[in-house]
Amino acid sequence: LSHVLLLLLLLLGQVPYKTKAGRDVMAASICPACSEPCVEPRLLPCLHSLCTPCLRNLETVGEPNRANTALRALCPLCDAEIALPPGGLGQLVPDYTALGRGGAAGTTGCDLCADGAAAKRCQSCGVRLCLFCCQAHRRQKKTASHVVVELESSRDCSQAGKPFFCPSHPSEELGLFCEQCDQPMCQDCVAERHRQHPYDFTSNAVHRHGDSLRELLRSTQQCMSTLEDVLGQTDSVGNAIRTRAEAVATEINAFARGYVKAIEEHRDRLLKQLEDLKVQKENLLHLQKAQLQQLLLDMRTGVEFTERLLTSGSDLGILVTKGVVTSRLAKLNSAAYSTHPNVDDSIQFSPQERAGQCHGYEVFGAVICKAVDPTKCTLHGEDLRSARQNELTGFTLLCNDTTGERMGRGGEAVMVTITHKDKKDCAVKPTVCDNGDGTYHISYSPEEPGLYAVCVYVKGQHVQGSPFIVMVKSKFRKHRGMFHCCTFCSSGGQKAARCACGGTMPGGYQGCGHGHKGHPGCPHWSCCGQVKRSSECLSGFPSDRSQRSLLRTVEL
Ligand SMILES: *[C@@H]1O[C@H](CO)[C@@H](O)[C@H](O)[C@H]1NC(C)=O
């Protein structure tokens with residue numbers, strides 16, 4: 001967990017890459033995990049080197065019992081999950097660079113005085129020297145001829161000259177490189193495991209392999225510079241985001257301040273409107289009250305006087321005063337006064353109502369004092385009073401308020417009933433559509449012909465013109481004539497009787513009948529000639545007056 005924390009802190013850029021002891025990990029041959037001098041440090045695949053005790057303590061992950069899976073561990077330095085070599089920790093490559101750094105603490109310090117910081121390196125002694133010791137080094141006879149180089153430019157010379165020994169043959173130096181197995185080896189190895197493998201001296205092989213390593217290093221360095229560029233860009237984008245967010249926050253605050261101001265002003269406007277409305281209604285009510293009180297007072301005076309007159313007045317007194325009393329009482333009786341209060345308490349607030357703009361902001365909410373008056377609502381339609389069977393028909397209801405103005409808004413409780421006059425069970429279900437503007441469209445489709453009573457209620461009261469009667473005509477036009485076999489029979493043998501079928505008879509008869517072409521024929525309607533008894537009449541009466549009279553004869 002502490003590694004995860006460290007990694008997090010690193011990501012956040014809060015702490016430099018340091019161990020617990022605070023030493024610079026990369027610079028010393030101190031094990032970066034335990035901060036002790038390195039003992040046989042080895043390289044992990046992530047190129048962090050750990051001392052052997054730390055390697056043994058590595059936290060392994062995954063299921064260790066599972067076969068075929070390489071054991072994995074977490075690098076304590078970078079938390080990378082790494083695969084451990086199947087042969088165990090011993091197969092990890094030793095970290096020669098760490099071994100070569102002298103294995104002592106404070107390697108960035110001077111190797112001689114341990115006080116100053118090392119600045120140079122003596123190539124002859126292999127020690128690092130501070131500037132002071134470097135001068136001393138030159139002054140002393142013994143070491144005056146030594147070559148001292150700048151620390152930065154020197155390769156890790158402490159390693160130079162120190163021979164590496166073969167792990168399999170500890171007395172043999174690793175001086176050869178097997179090209180086939182891609183690993184260094186000693187003379188004895190050639191004879192044993194690398195017989196017939198192509199090989200070379202390490203000093204030759206290093207040129208070839210060093211070149212490809214340098215090539216890789218170069219491209220990796222390029223990647224690094226690209227990464228640094230990108231990181232720089234992320235920083236500048238981060239700054240841009242911060243700046244932008246601040247600017248937008250300012251905008252939001254300004255907008256919200258304006259909005260709040262607009263809403264407060266709208267609120268004040270609404271409250272003022274409400275107050276005006278209240279005062280107006282109260283004034284109207286006071287006026288009505290005063291008038292009613294005056295009328296009541298007048299009536300009381302009249303009543304008291306008349307009662308007194310009738311109970312205690314003399315006969316003559318009554319007769320003398322009768323005239324003035326009668327006319328007064330008659331006048332009071334016929335005085336017009338409304339039986340309801342003139343105003344009502346219909347004041348509402350409608351929060352959804354658009355209320356225009358306030359300082360450029362759209363605001364909502366309005367005070368509404370209109371109340372629908374059913375007696376001022378009217379019905380409209382092309383032909384309110386007639387309809388045809390099975391055809392959709394309808395009418396429109398216009399709602400006015402108590403002052404006789406259009407309501408201009410929907411939402412009223414509108415109820416419509418349409419019932420057959422004779423067949424009570426044959427009611428029609430109307431559809432009421434609220435147009436939202438104070439008008440309502442009512443549509444219905446009657447299934448039976450006949451007379452219907454239509455009632456339209458608003459707030460439970462009949463509107464103007466309700467109820468009314470609708471005549472629903474049959475889908476078919478009715479035959480006006482007679483269903484007969486011939487005009488001769490149906491007219492009682494009249495010569496002039498015609499039929500709409502167009503048939504004639506010999507002997508001067510104008511209509512169809514016995515002996516005509518195709519007699520006896522089938523029965524048909526005299527008005528249109530249709531041969532189906534239950535059918536629609538195809539033609540009206542002939543407009544010709546003379547013919548009409550003839551047809552009437554046929555109907556006899
Ligand atoms: C209803 O309002 C309209 C428009 O204000 C008006 O023309 C009409 O006469 C009013 N009808 C009634 C019955 O008050």
# chains A, B, ... in the order shown; residues from 1 in each chain; ligands from 1

$ residues_near_ligand --ligand "ligand 1" --cutoff "9 Å" --atoms "only C-alpha atoms and all ligand atoms" --output "list in words"
Asp373, Thr375, Lys376, Cys377, Thr378, Leu398, Cys399, Asn400, Asp401, Thr402, Thr403, Gly404, Glu405, Arg406, Met407 and Gln464 of chain A

$ write_last_selection --atoms "all heavy atoms" --output "CSV table (one decimal), in the first residue's frame"
chain,number,residue,atom,x,y,z
A,373,ASP,N,-67.8,32.5,-17.1
A,373,ASP,CA,-69.2,32.7,-16.7
A,373,ASP,C,-70.0,31.9,-17.7
A,373,ASP,O,-70.1,32.3,-18.9
A,373,ASP,CB,-69.6,34.2,-16.8
A,373,ASP,CG,-71.0,34.4,-16.4
A,373,ASP,OD1,-71.8,33.4,-16.3
A,373,ASP,OD2,-71.4,35.6,-16.2
A,375,THR,N,-73.0,31.6,-18.5
A,375,THR,CA,-74.1,32.3,-19.2
A,375,THR,C,-73.5,33.2,-20.3
A,375,THR,O,-74.2,33.7,-21.1
A,375,THR,CB,-74.9,33.2,-18.3
A,375,THR,OG1,-74.1,34.2,-17.7
A,375,THR,CG2,-75.5,32.4,-17.1
A,376,LYS,N,-72.2,33.4,-20.3
A,376,LYS,CA,-71.6,34.2,-21.3
A,376,LYS,C,-70.7,33.4,-22.3
A,376,LYS,O,-69.9,33.9,-23.1
A,376,LYS,CB,-70.7,35.3,-20.7
A,376,LYS,CG,-71.6,36.4,-20.0
A,376,LYS,CD,-70.8,37.5,-19.5
A,376,LYS,CE,-71.8,38.6,-19.0
A,376,LYS,NZ,-71.6,38.9,-17.6
A,377,CYS,N,-70.9,32.0,-22.2
A,377,CYS,CA,-70.2,31.1,-23.1
A,377,CYS,C,-71.2,30.8,-24.2
A,377,CYS,O,-72.4,30.5,-23.9
A,377,CYS,CB,-69.8,29.9,-22.4
A,377,CYS,SG,-68.6,30.2,-21.1
A,378,THR,N,-70.7,30.7,-25.4
A,378,THR,CA,-71.7,30.5,-26.6
A,378,THR,C,-71.2,29.3,-27.4
A,378,THR,O,-70.1,29.0,-27.4
A,378,THR,CB,-71.7,31.8,-27.4
A,378,THR,OG1,-70.4,32.2,-27.7
A,378,THR,CG2,-72.5,32.9,-26.7
A,398,LEU,N,-67.3,28.8,-27.2
A,398,LEU,CA,-66.4,29.9,-26.9
A,398,LEU,C,-66.7,30.4,-25.5
A,398,LEU,O,-67.9,30.7,-25.1
A,398,LEU,CB,-66.8,31.1,-27.9
A,398,LEU,CG,-66.6,30.8,-29.4
A,398,LEU,CD1,-66.8,32.1,-30.1
A,398,LEU,CD2,-65.2,30.3,-29.6
A,399,CYS,N,-65.7,30.4,-24.6
A,399,CYS,CA,-65.9,30.8,-23.2
A,399,CYS,C,-65.5,32.2,-23.0
A,399,CYS,O,-64.5,32.7,-23.4
A,399,CYS,CB,-65.0,29.9,-22.3
A,399,CYS,SG,-65.6,28.2,-22.2
A,400,ASN,N,-66.4,32.9,-22.3
A,400,ASN,CA,-66.2,34.3,-21.9
A,400,ASN,C,-66.1,34.3,-20.4
A,400,ASN,O,-66.7,33.5,-19.7
A,400,ASN,CB,-67.3,35.2,-22.4
A,400,ASN,CG,-67.1,35.6,-23.9
A,400,ASN,OD1,-66.3,34.9,-24.6
A,400,ASN,ND2,-67.8,36.6,-24.3
A,401,ASP,N,-65.5,35.4,-19.9
A,401,ASP,CA,-65.4,35.5,-18.5
A,401,ASP,C,-66.6,36.4,-18.0
A,401,ASP,O,-67.4,36.7,-18.7
A,401,ASP,CB,-64.0,36.1,-18.0
A,401,ASP,CG,-63.9,37.6,-18.5
A,401,ASP,OD1,-64.8,38.1,-19.1
A,401,ASP,OD2,-62.9,38.2,-18.1
A,402,THR,N,-66.5,36.7,-16.7
A,402,THR,CA,-67.6,37.4,-16.1
A,402,THR,C,-67.8,38.8,-16.6
A,402,THR,O,-69.0,39.3,-16.6
A,402,THR,CB,-67.4,37.5,-14.5
A,402,THR,OG1,-66.0,37.9,-14.3
A,402,THR,CG2,-67.7,36.2,-13.8
A,403,THR,N,-66.8,39.4,-17.2
A,403,THR,CA,-66.9,40.7,-17.8
A,403,THR,C,-67.4,40.6,-19.2
A,403,THR,O,-67.4,41.7,-19.9
A,403,THR,CB,-65.6,41.5,-17.7
A,403,THR,OG1,-64.6,40.8,-18.4
A,403,THR,CG2,-65.2,41.6,-16.2
A,404,GLY,N,-67.6,39.4,-19.8
A,404,GLY,CA,-68.0,39.3,-21.2
A,404,GLY,C,-66.8,39.3,-22.1
A,404,GLY,O,-67.0,39.4,-23.3
A,405,GLU,N,-65.6,39.2,-21.6
A,405,GLU,CA,-64.4,39.1,-22.5
A,405,GLU,C,-64.1,37.7,-22.7
A,405,GLU,O,-64.4,36.8,-21.9
A,405,GLU,CB,-63.3,39.8,-21.8
A,405,GLU,CG,-63.5,41.3,-21.5
A,405,GLU,CD,-62.9,42.2,-22.5
A,405,GLU,OE1,-61.7,42.1,-22.8
A,405,GLU,OE2,-63.7,43.0,-23.1
A,406,ARG,N,-63.4,37.5,-23.8
A,406,ARG,CA,-62.9,36.1,-24.1
A,406,ARG,C,-62.0,35.6,-23.0
A,406,ARG,O,-61.1,36.4,-22.5
A,406,ARG,CB,-62.0,36.1,-25.4
A,406,ARG,CG,-62.8,36.3,-26.6
A,406,ARG,CD,-62.8,35.0,-27.4
A,406,ARG,NE,-63.7,35.1,-28.6
A,406,ARG,CZ,-65.0,35.0,-28.5
A,406,ARG,NH1,-65.6,34.8,-27.4
A,406,ARG,NH2,-65.7,35.1,-29.6
A,407,MET,N,-62.1,34.4,-22.6
A,407,MET,CA,-61.2,33.8,-21.6
A,407,MET,C,-59.8,33.8,-22.1
A,407,MET,O,-58.9,34.1,-21.3
A,407,MET,CB,-61.7,32.4,-21.2
A,407,MET,CG,-62.8,32.3,-20.2
A,407,MET,SD,-62.4,33.1,-18.7
A,407,MET,CE,-61.3,32.0,-17.9
A,464,GLN,N,-74.9,29.3,-22.7
A,464,GLN,CA,-75.9,29.9,-23.5
A,464,GLN,C,-76.3,29.0,-24.6
A,464,GLN,O,-75.4,28.5,-25.3
A,464,GLN,CB,-75.3,31.2,-24.1
A,464,GLN,CG,-76.2,32.4,-23.9
A,464,GLN,CD,-75.6,33.6,-24.6
A,464,GLN,OE1,-75.5,33.7,-25.8
A,464,GLN,NE2,-75.1,34.6,-23.7

$ residues_around --residues "segment 287-290 of chain A" --least-positions-apart "2" --cutoff "12 Å" --atoms "only C-alpha atoms" --output "ChimeraX atom specification"
/A:280-285,292-297,337-343

$ closest_residue --among "A:Gly175, A:Gly410, A:Gly116, A:Pro184" --to "Ser203 of chain A" --atoms "only C-alpha atoms"
A:Gly175

$ closest_residue --among "A:Gly394, A:Gly481, A:Gly87, A:Pro94" --to "Cys51 of chain A" --atoms "only C-alpha atoms"
A:Pro94

$ residues_around --residues "Cys528 of chain A" --least-positions-apart "6" --cutoff "9 Å" --atoms "only C-alpha atoms" --output "ChimeraX atom specification"
/A:479-481,499-501,537-541

$ closest_residue --among "A:Leu176, A:Cys189, A:Ala240, A:Ser334" --to "Asn204 of chain A" --atoms "only C-alpha atoms"
A:Leu176

$ closest_residue --among "A:Ile252, A:Met482, A:Leu227, A:Val148" --to "Arg498 of chain A" --atoms "only C-alpha atoms"
A:Met482

$ atom_distance --atom1 "atom CA of Val414 of chain A" --atom2 "atom CA of Ala366 of chain A"
23.4 Å

$ select_by_dssp --residues "segment 116-280 of chain A" --states "strand (DSSP E or B)" --output "list of chain:residue names"
A:Ala117, A:Lys120, A:Arg121, A:Cys122, A:Arg128, A:Leu129, A:Val148, A:Val149, A:Glu150, A:Phe165, A:Glu173, A:Leu176, A:Phe177, A:Cys178, A:Gln183, A:Pro184, A:Met185, A:Tyr199, A:Asp200, A:Phe201

$ residues_around --residues "segment 196-202 of chain A" --least-positions-apart "6" --cutoff "10 Å" --atoms "only C-alpha atoms" --output "PyMOL selection string"
chain A and resi 174-186+190+209

$ closest_residue --among "A:Leu379, A:Leu112, A:Cys489, A:Cys522" --to "Tyr457 of chain A" --atoms "only C-alpha atoms"
A:Leu379

$ closest_residue --among "A:Leu92, A:Thr439, A:Pro467, A:Ile347" --to "Ile418 of chain A" --atoms "only C-alpha atoms"
A:Pro467

$ atom_distance --atom1 "atom CA of Gly492 of chain A" --atom2 "atom CA of Ser534 of chain A"
24.8 Å
